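Text of model.txt, listed as compact mmCIF, C-alpha atoms (C1' of nucleotides):
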# COMPACT_ATOMS: atom_id res chain seq x y z
CA MET A 1453 73.04 73.57 57.50
CA PRO A 1454 70.95 71.68 55.05
CA GLU A 1455 69.18 68.71 56.61
CA LEU A 1456 65.89 67.25 55.39
CA PRO A 1457 63.66 70.35 55.83
CA GLU A 1458 66.21 72.61 54.14
CA VAL A 1459 66.87 70.21 51.27
CA GLU A 1460 63.13 69.73 50.75
CA SER A 1461 62.59 73.50 50.68
CA VAL A 1462 65.28 73.75 48.03
CA ARG A 1463 63.87 70.77 46.10
CA ARG A 1464 60.44 72.39 45.87
CA GLY A 1465 61.94 75.52 44.39
CA VAL A 1466 64.14 73.58 42.02
CA ASP A 1467 61.20 71.49 40.86
CA GLU A 1468 59.09 74.59 40.27
CA TRP A 1469 61.75 76.20 38.08
CA THR A 1470 63.23 73.21 36.25
CA ALA A 1471 60.62 70.46 35.79
CA GLY A 1472 59.71 70.23 32.11
CA THR A 1473 62.72 72.22 30.91
CA THR A 1474 65.60 71.05 28.76
CA ILE A 1475 69.24 71.62 29.64
CA THR A 1476 70.87 73.58 26.83
CA GLY A 1477 74.39 73.61 28.28
CA ALA A 1478 76.45 73.38 31.43
CA GLU A 1479 79.62 74.79 32.98
CA VAL A 1480 81.77 73.36 35.73
CA LEU A 1481 83.64 76.30 37.26
CA ASP A 1482 85.38 74.20 39.93
CA PRO A 1483 85.93 70.55 38.96
CA ARG A 1484 86.26 69.53 42.63
CA ILE A 1485 82.46 69.80 42.89
CA LEU A 1486 82.21 66.68 40.69
CA GLY A 1487 84.13 64.64 43.26
CA THR A 1488 83.07 63.12 46.53
CA THR A 1489 84.31 64.12 49.95
CA SER A 1490 87.13 61.61 49.66
CA GLN A 1491 87.92 61.99 45.98
CA ARG A 1492 88.45 65.61 44.97
CA ARG A 1493 91.02 65.18 42.23
CA ILE A 1494 89.04 65.40 39.04
CA ASP A 1495 90.49 65.21 35.56
CA ALA A 1496 89.34 67.20 32.57
CA SER A 1497 87.52 64.27 31.02
CA ALA A 1498 85.17 64.17 34.01
CA VAL A 1499 84.20 67.76 33.32
CA SER A 1500 83.59 67.23 29.61
CA GLY A 1501 81.79 63.97 30.43
CA PHE A 1502 79.43 65.74 32.80
CA VAL A 1503 78.73 68.57 30.36
CA SER A 1504 78.04 66.27 27.42
CA ALA A 1505 75.88 63.94 29.53
CA VAL A 1506 73.56 66.68 30.75
CA THR A 1507 73.41 68.85 27.64
CA GLY A 1508 70.19 68.17 25.76
CA ALA A 1509 68.67 66.20 28.63
CA HIS A 1510 65.06 66.86 29.58
CA ILE A 1511 64.30 67.35 33.29
CA LEU A 1512 61.28 65.38 34.49
CA LYS A 1513 61.29 66.52 38.10
CA ALA A 1514 63.35 67.26 41.19
CA GLU A 1515 63.35 64.44 43.72
CA ARG A 1516 64.78 63.87 47.17
CA ARG A 1517 65.58 61.19 49.71
CA GLY A 1518 66.98 62.38 53.03
CA LYS A 1519 69.57 65.01 52.21
CA PHE A 1520 70.16 63.72 48.67
CA MET A 1521 68.42 65.51 45.82
CA TRP A 1522 68.38 64.74 42.13
CA LEU A 1523 66.90 65.80 38.82
CA SER A 1524 65.47 62.81 37.00
CA LEU A 1525 66.33 63.04 33.31
CA VAL A 1526 65.21 61.81 29.95
CA GLU A 1527 68.40 61.78 27.95
CA GLY A 1528 68.38 63.81 24.75
CA ALA A 1529 64.68 63.21 24.16
CA ASP A 1530 62.75 65.12 21.57
CA LEU A 1531 59.45 64.95 23.41
CA SER A 1532 57.42 66.34 20.55
CA THR A 1533 58.08 63.26 18.45
CA ALA A 1534 58.79 60.68 21.18
CA ASP A 1535 56.68 57.56 20.96
CA PRO A 1536 55.19 57.07 24.44
CA VAL A 1537 55.09 53.32 23.91
CA THR A 1538 58.64 52.67 22.73
CA SER A 1539 60.27 55.39 24.85
CA PRO A 1540 58.05 56.04 27.87
CA VAL A 1541 59.20 59.29 29.46
CA SER A 1542 57.95 58.14 32.86
CA ARG A 1543 60.96 55.81 33.16
CA PRO A 1544 64.03 57.96 33.67
CA GLU A 1545 67.32 56.08 33.68
CA LEU A 1546 69.64 58.91 34.62
CA GLY A 1547 69.67 61.59 37.26
CA ILE A 1548 71.75 64.61 38.21
CA LEU A 1549 72.56 64.01 41.86
CA VAL A 1550 73.13 67.06 44.04
CA HIS A 1551 74.25 66.89 47.64
CA LEU A 1552 74.48 70.27 49.37
CA GLY A 1553 76.96 69.10 51.99
CA MET A 1554 77.45 71.80 54.60
CA SER A 1555 77.27 74.98 52.59
CA GLY A 1556 75.79 74.12 49.19
CA GLN A 1557 73.07 76.22 47.62
CA LEU A 1558 71.05 75.83 44.43
CA ARG A 1559 69.95 79.17 43.06
CA ILE A 1560 67.82 80.19 40.09
CA HIS A 1561 69.15 83.13 38.09
CA SER A 1562 68.60 84.87 34.80
CA PRO A 1563 71.56 84.62 32.43
CA GLY A 1564 73.90 87.59 32.86
CA GLU A 1565 73.28 88.14 36.57
CA ASP A 1566 76.47 88.48 38.62
CA ILE A 1567 78.14 85.15 39.31
CA HIS A 1568 78.88 84.67 43.01
CA ARG A 1569 82.52 83.71 43.56
CA HIS A 1570 81.60 80.38 45.16
CA THR A 1571 79.59 79.24 42.13
CA ARG A 1572 80.92 75.78 41.21
CA ALA A 1573 78.59 74.65 38.41
CA VAL A 1574 75.83 76.07 36.21
CA LEU A 1575 73.05 74.36 34.24
CA HIS A 1576 71.56 76.47 31.45
CA LEU A 1577 67.87 75.84 30.81
CA ASP A 1578 65.70 76.46 27.75
CA SER A 1579 63.40 78.55 29.97
CA ASP A 1580 65.93 81.40 29.84
CA ARG A 1581 66.93 80.66 33.41
CA GLU A 1582 69.95 78.95 34.90
CA LEU A 1583 70.41 76.73 37.93
CA ARG A 1584 73.60 77.60 39.80
CA PHE A 1585 75.29 75.40 42.37
CA VAL A 1586 77.04 77.66 44.87
CA ASP A 1587 79.12 76.00 47.58
CA GLN A 1588 81.56 77.86 49.79
CA ARG A 1589 83.18 74.83 51.41
CA ILE A 1590 82.87 72.26 48.62
CA PHE A 1591 81.51 69.58 50.92
CA GLY A 1592 78.71 69.16 48.42
CA HIS A 1593 78.86 67.51 45.03
CA ILE A 1594 77.02 67.12 41.75
CA GLY A 1595 77.18 64.36 39.16
CA VAL A 1596 75.30 62.35 36.56
CA GLN A 1597 74.38 58.87 37.70
CA PRO A 1598 72.27 55.90 36.65
CA LEU A 1599 69.05 55.49 38.63
CA VAL A 1600 68.78 52.17 40.46
CA HIS A 1601 66.26 50.56 42.80
CA GLY A 1602 66.69 51.28 46.52
CA TYR A 1603 64.08 51.06 49.31
CA GLY A 1604 61.17 50.97 46.89
CA ARG A 1605 62.23 53.78 44.58
CA LEU A 1606 64.53 54.71 41.74
CA VAL A 1607 67.46 56.61 43.25
CA PRO A 1608 70.90 57.69 42.04
CA ALA A 1609 73.46 54.89 42.35
CA SER A 1610 75.55 56.62 45.00
CA ALA A 1611 72.46 57.05 47.21
CA VAL A 1612 71.32 53.44 47.00
CA HIS A 1613 72.55 52.72 50.54
CA ILE A 1614 70.65 55.69 51.98
CA ALA A 1615 67.56 54.66 53.95
CA ALA A 1616 64.10 56.11 53.37
CA ASP A 1617 63.41 59.34 55.23
CA PRO A 1618 60.46 59.85 57.61
CA LEU A 1619 58.52 61.97 55.12
CA GLU A 1620 58.35 59.42 52.30
CA PRO A 1621 55.83 56.59 51.83
CA ALA A 1622 58.55 53.92 51.85
CA PHE A 1623 59.44 54.83 55.43
CA ASP A 1624 58.68 51.89 57.72
CA PRO A 1625 58.77 53.06 61.37
CA GLU A 1626 58.48 49.56 62.84
CA ALA A 1627 61.36 48.24 60.75
CA VAL A 1628 63.49 51.24 61.67
CA VAL A 1629 62.79 50.84 65.39
CA GLY A 1630 63.71 47.17 65.03
CA GLU A 1631 67.07 48.09 63.46
CA LEU A 1632 67.64 50.94 65.90
CA ALA A 1633 67.06 48.59 68.86
CA LYS A 1634 70.11 46.55 67.77
CA LYS A 1635 72.48 49.50 68.04
CA ARG A 1636 74.97 49.66 70.89
CA THR A 1637 76.27 53.10 69.98
CA ALA A 1638 74.92 56.38 71.41
CA ILE A 1639 71.42 57.10 70.13
CA LYS A 1640 72.67 60.50 68.94
CA ALA A 1641 75.14 58.75 66.62
CA ALA A 1642 72.45 56.30 65.45
CA LEU A 1643 70.12 59.14 64.48
CA LEU A 1644 72.87 60.58 62.28
CA ASP A 1645 73.39 57.21 60.54
CA GLN A 1646 71.83 57.80 57.12
CA THR A 1647 71.62 54.06 56.40
CA LEU A 1648 69.18 53.64 59.30
CA VAL A 1649 66.91 56.63 58.74
CA SER A 1650 67.88 59.47 56.44
CA GLY A 1651 67.49 63.23 56.57
CA ILE A 1652 68.36 63.82 60.22
CA GLY A 1653 71.44 65.96 60.85
CA ASN A 1654 72.98 67.44 63.98
CA ILE A 1655 70.34 70.13 64.54
CA TYR A 1656 67.25 67.94 64.29
CA ALA A 1657 68.88 65.03 66.13
CA ASP A 1658 69.41 67.27 69.17
CA GLU A 1659 65.94 68.79 68.89
CA ALA A 1660 64.26 65.38 68.51
CA LEU A 1661 66.04 63.94 71.55
CA PHE A 1662 64.99 66.93 73.64
CA ARG A 1663 61.36 66.63 72.54
CA ALA A 1664 61.38 62.92 73.38
CA GLY A 1665 63.18 63.47 76.70
CA VAL A 1666 65.98 61.07 75.80
CA HIS A 1667 69.66 61.61 76.68
CA PRO A 1668 71.92 61.68 73.58
CA LEU A 1669 74.19 59.03 75.14
CA ALA A 1670 71.32 56.60 75.71
CA VAL A 1671 72.11 53.19 74.18
CA PRO A 1672 69.27 52.10 71.86
CA ALA A 1673 69.77 48.40 72.64
CA ARG A 1674 69.11 49.16 76.31
CA THR A 1675 66.24 51.58 75.78
CA ARG A 1676 62.52 50.75 75.82
CA LYS A 1677 61.08 50.45 72.32
CA SER A 1678 58.34 52.92 73.24
CA ARG A 1679 61.03 55.51 73.86
CA LEU A 1680 62.74 54.71 70.56
CA VAL A 1681 59.38 55.16 68.86
CA ALA A 1682 59.00 58.49 70.64
CA VAL A 1683 62.40 59.64 69.38
CA LEU A 1684 61.55 58.74 65.77
CA GLU A 1685 58.16 60.42 66.05
CA SER A 1686 59.80 63.52 67.51
CA ALA A 1687 62.31 63.59 64.67
CA THR A 1688 59.51 63.35 62.13
CA LYS A 1689 57.51 66.07 63.86
CA VAL A 1690 60.38 68.51 64.36
CA MET A 1691 61.45 68.18 60.70
CA SER A 1692 57.84 68.68 59.53
CA ASP A 1693 57.53 71.75 61.75
CA ALA A 1694 60.78 73.13 60.35
CA LEU A 1695 59.75 72.42 56.76
CA ALA A 1696 56.52 74.36 57.33
CA VAL A 1697 58.56 77.53 57.94
CA GLY A 1698 61.21 76.95 55.29
CA GLY A 1699 63.88 75.27 57.45
CA THR A 1700 66.61 76.62 59.73
CA SER A 1701 69.02 79.39 58.66
CA PHE A 1702 71.82 80.29 61.05
CA ASP A 1703 73.65 82.44 58.56
CA ALA A 1704 73.64 83.16 54.85
CA LEU A 1705 74.79 79.60 54.13
CA TYR A 1706 71.29 78.15 53.92
CA VAL A 1707 68.75 79.78 51.63
CA ASN A 1708 66.20 78.47 49.13
CA VAL A 1709 66.47 78.82 45.33
CA ASN A 1710 65.28 82.41 45.56
CA GLY A 1711 67.83 83.34 48.24
CA GLU A 1712 65.31 83.36 51.10
CA SER A 1713 66.11 82.16 54.64
CA GLY A 1714 64.02 79.78 56.75
CA TYR A 1715 62.50 80.73 60.08
CA PHE A 1716 62.90 77.65 62.28
CA GLU A 1717 65.91 79.01 64.15
CA ARG A 1718 63.57 80.87 66.47
CA SER A 1719 61.90 77.57 67.41
CA LEU A 1720 65.08 75.71 68.38
CA THR A 1721 65.04 74.57 72.00
CA VAL A 1722 68.52 73.12 72.59
CA TYR A 1723 70.71 73.35 69.48
CA LYS A 1724 73.43 75.98 70.14
CA LYS A 1725 71.54 76.99 73.31
CA HIS A 1726 74.23 75.74 75.70
CA GLY A 1727 74.69 78.02 78.68
CA THR A 1728 71.10 79.31 78.47
CA PRO A 1729 68.13 78.11 80.56
CA CYS A 1730 66.00 75.22 79.28
CA LYS A 1731 62.67 76.59 78.05
CA ARG A 1732 60.88 73.76 79.84
CA CYS A 1733 62.60 73.53 83.26
CA GLY A 1734 65.14 76.35 83.46
CA THR A 1735 68.18 74.07 83.88
CA THR A 1736 71.23 75.25 81.94
CA ILE A 1737 71.53 73.54 78.56
CA ALA A 1738 74.71 71.47 78.26
CA ARG A 1739 76.98 70.80 75.30
CA GLU A 1740 79.11 67.68 74.91
CA LYS A 1741 80.97 66.03 72.07
CA ILE A 1742 79.27 62.77 71.15
CA GLY A 1743 80.67 60.79 68.26
CA GLY A 1744 82.78 63.80 67.35
CA ARG A 1745 79.74 66.08 67.07
CA SER A 1746 78.58 68.85 69.35
CA SER A 1747 75.47 67.68 71.17
CA HIS A 1748 73.15 70.01 73.06
CA PHE A 1749 70.72 68.78 75.67
CA CYS A 1750 68.97 69.55 78.96
CA PRO A 1751 70.57 67.47 81.75
CA ARG A 1752 67.28 67.45 83.67
CA CYS A 1753 64.67 66.89 80.93
CA GLN A 1754 66.94 64.29 79.29
CA ARG A 1755 68.16 62.18 82.20
CA ARG A 1756 70.44 59.23 81.69
CA ARG A 1757 68.91 55.99 82.92
C1' DA B 949 80.11 43.14 61.34
C1' DC B 950 80.19 46.93 63.81
C1' DG B 951 81.75 51.22 65.73
C1' DC B 952 84.90 55.04 65.53
C1' DC B 953 87.61 58.63 63.56
C1' DC B 954 90.04 60.98 60.05
C1' DG B 955 90.17 63.88 55.82
C1' DC B 956 87.95 66.71 52.83
C1' DC B 957 87.02 72.37 52.64
C1' DT B 958 86.45 77.57 53.76
C1' DG B 959 85.78 81.44 56.60
C1' DG B 960 84.75 83.34 60.95
C1' DA B 961 85.98 83.67 65.82
C1' DC B 962 89.31 83.78 68.98
C1' DG B 963 94.06 84.28 71.49
C1' DC B 964 98.53 86.18 71.74
C1' DT C 806 97.04 94.71 63.13
C1' DG C 807 98.35 90.19 61.96
C1' DC C 808 99.28 85.80 62.41
C1' DG C 809 98.16 81.14 63.84
C1' DT C 810 94.81 77.88 65.56
C1' DC C 811 90.43 75.99 66.26
C1' DC C 812 85.80 75.07 65.02
C1' DA C 813 81.69 74.13 62.24
C1' DG C 814 79.70 69.74 59.97
C1' DG C 815 77.98 65.47 56.10
C1' DC C 816 79.84 61.77 54.35
C1' DG C 817 82.93 58.07 52.68
C1' DG C 818 86.60 55.29 53.57
C1' DG C 819 89.69 52.98 56.27
C1' DC C 820 91.05 51.41 60.58
C1' DG C 821 90.70 48.54 64.83
Transcribe the structure of this file into structure tokens.
Amino acid sequence: MPELPEVESVRRGVDEWTAGTTITGAEVLDPRILGTTSQRRIDASAVSGFVSAVTGAHILKAERRGKFMWLSLVEGADLSTADPVTSPVSRPELGILVHLGMSGQLRIHSPGEDIHRHTRAVLHLDSDRELRFVDQRIFGHIGVQPLVHGYGRLVPASAVHIAADPLEPAFDPEAVVGELAKKRTAIKAALLDQTLVSGIGNIYADEALFRAGVHPLAVPARTRKSRLVAVLESATKVMSDALAVGGTSFDALYVNVNGESGYFERSLTVYKKHGTPCKRCGTTIAREKIGGRSSHFCPRCQRRR
DNA sequence: ACGCCCGCCTGGACGC
DNA sequence: TGCGTCCAGGCGGGCG
């Protein structure tokens, strides 16, 4: 389940293998991957449009905000003759946005290696490697987009509403706590709101609330700011801890570009631990649906107030 | 304006 | 064994 630590692990691998390369061609094996979650009917012109837009583009680097990742591009540039004054390569205008959704993977392969049946798109690189987007459930998507300004950075247009994540310089904890304190919904739901703070998904929301000792149904507007700060700090810490070990892999659905799993599952304290004793106090971990999502918490360490 | 909930997907787990 | 049903979950859109 790719949340911030998993997407960042993937981004690092993607950057290592693709930055500085040129895209020599592309294939879209399942056009639905070009759509969004609510628009999956894609016509043939979208496929040819994607292929022609990326072919010949030069990849500057792989970037990320929250769970959104993108390759910043210089379109069709011949870098050997480019004039750095008239066409500065440090100002990309386009990006290839990739969202992994639930089950998306980006994998680096050599041409000719077996194509996994869930491979939805392939970018061929001039480094004699290819970047494959594999996605069992097609909750993810890929597409070429203009880069626009959002929260102090250039980001793909469809991610402009996504807030900064806790691991980037533009993240402003005081401003986020101020916004959070206005919310009358369950704090669990607020943590999953990517327009407030990005990168937190169901796993790290539950883990952060446990670490901060806050009940998932706590209402931010009625919670002390010091406790809201604690929740945000816990979220930042738990995602940093997870990133340090390559993220969380429950099954084969999350791996990095080289197909390797992360090791944070062994450090989870509440997520999917319902029915087992709390590591801190021994009380049985509970599971409840909150905002339509399974939420796991310790009824004693995370009392409602 | 804000909060909530559905639909999009596939495959694995479960019940009969 | 085999079929049907439910569940997992990020996100966008549409509803109230």
- Task: Identify all chain C residues at most 10 Å from chain A by counting all atoms listed in the file; ligands do not count. Present them as a ChimeraX atom specification.
- Result: /C:813-818
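Interatomic distance, CA of Ala1641 (chain A) to CA of Gln1754 (chain A): 16.1 Å.
With all atoms listed in the file as the basis for measurement, A:Ile1485 is the residue among A:Ile1485, A:Leu1456, A:Leu1661, A:Cys1750 that approaches chain B most closely.
Each of A:Gly1665, A:Gly1487, A:Pro1625, A:Gly1714 was checked against chain B using all atoms listed in the file; the smallest atom-to-atom distance is that of A:Gly1487.
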- Using only C-alpha atoms (C1' of nucleotides), which residues sit within 12 Å of DC964 (chain B) once same-chain residues fewer than 4 positions away are excluded, as a PyMOL selection string? chain C and resi 807-810
At most 10 Å is the cut-off: for each residue in chain B with any atom that close to an atom of chain A, write down the nearest atom pair and the distance in Å rounded to one decimal, counting all atoms listed in the file, chain first then increasing number, as a tab-separated table.
residue	atom	partner	partner_atom	distance
B:DC950	C1'	A:Lys1635	CA	9.2
B:DG951	C1'	A:Thr1637	CA	7.2
B:DC952	C1'	A:Gly1743	CA	7.6
B:DC953	C1'	A:Gly1744	CA	8.0
B:DG955	C1'	A:Ser1490	CA	7.2
B:DC956	C1'	A:Thr1489	CA	5.3
B:DC957	C1'	A:Arg1589	CA	4.7
B:DT958	C1'	A:Arg1589	CA	4.9
B:DG959	C1'	A:Gln1588	CA	8.8
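Here CA of Arg1674 (chain A) and CA of Arg1757 (chain A) stand 9.5 Å from one another.
Taking CA of Val1690 (chain A) and CA of Val1649 (chain A) as the two end points, the separation is 14.7 Å.
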- Message: So that I can see what lies close to Leu1680 (chain A), please list as a ChimeraX atom specification the residues with an atom at most 10 Å from it, counting all atoms listed in the file and leaving out residues fewer than 4 positions away in the same chain.
- Response: /A:1628-1630,1632-1633,1639,1661,1664,1666,1672-1673,1675-1676,1684-1686
- Using only C-alpha atoms (C1' of nucleotides), which residues sit within 9 Å of Trp1469 (chain A) once same-chain residues fewer than 5 positions away are excluded, as a count of residues only? 5
- Query: Near Asn1708 (chain A), counting all atoms listed in the file, which residues have an atom at most 8 Å away, once you skip same-chain residues fewer than 6 positions from it, shown as a PyMOL selection string?
  - Reply: chain A and resi 1458+1461-1462+1465+1557-1559
Once you have the residues from the selection above, write them out as a PDB file, in the frame of the given file, restricted to C-alpha atoms.
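Printed below is out-v4.pdb as written:
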ATOM      1  CA  GLU A1458      66.210  72.610  54.140  1.00  0.00           C
ATOM      2  CA  SER A1461      62.590  73.500  50.680  1.00  0.00           C
ATOM      3  CA  VAL A1462      65.280  73.750  48.030  1.00  0.00           C
ATOM      4  CA  GLY A1465      61.940  75.520  44.390  1.00  0.00           C
ATOM      5  CA  GLN A1557      73.070  76.220  47.620  1.00  0.00           C
ATOM      6  CA  LEU A1558      71.050  75.830  44.430  1.00  0.00           C
ATOM      7  CA  ARG A1559      69.950  79.170  43.060  1.00  0.00           C
TER       8      ARG A1559
END
If I wrap all listed atoms of region 949-961 of chain B in a box with edges along x, y and z and add 6 Å on each side, what are its centre and edge lengths in Å to one decimal, as JSON?
{"center_x": 85.1, "center_y": 63.4, "center_z": 59.2, "size_x": 22.1, "size_y": 52.5, "size_z": 25.2}
- Message: If we count only C-alpha atoms (C1' of nucleotides) and set the cut-off at 7 Å, which residues sit around region 1736-1739 of chain A, ignoring sequence neighbours fewer than 6 positions away in its own chain? Please answer as a PyMOL selection string.
- Response: chain A and resi 1722+1725-1730+1746-1751
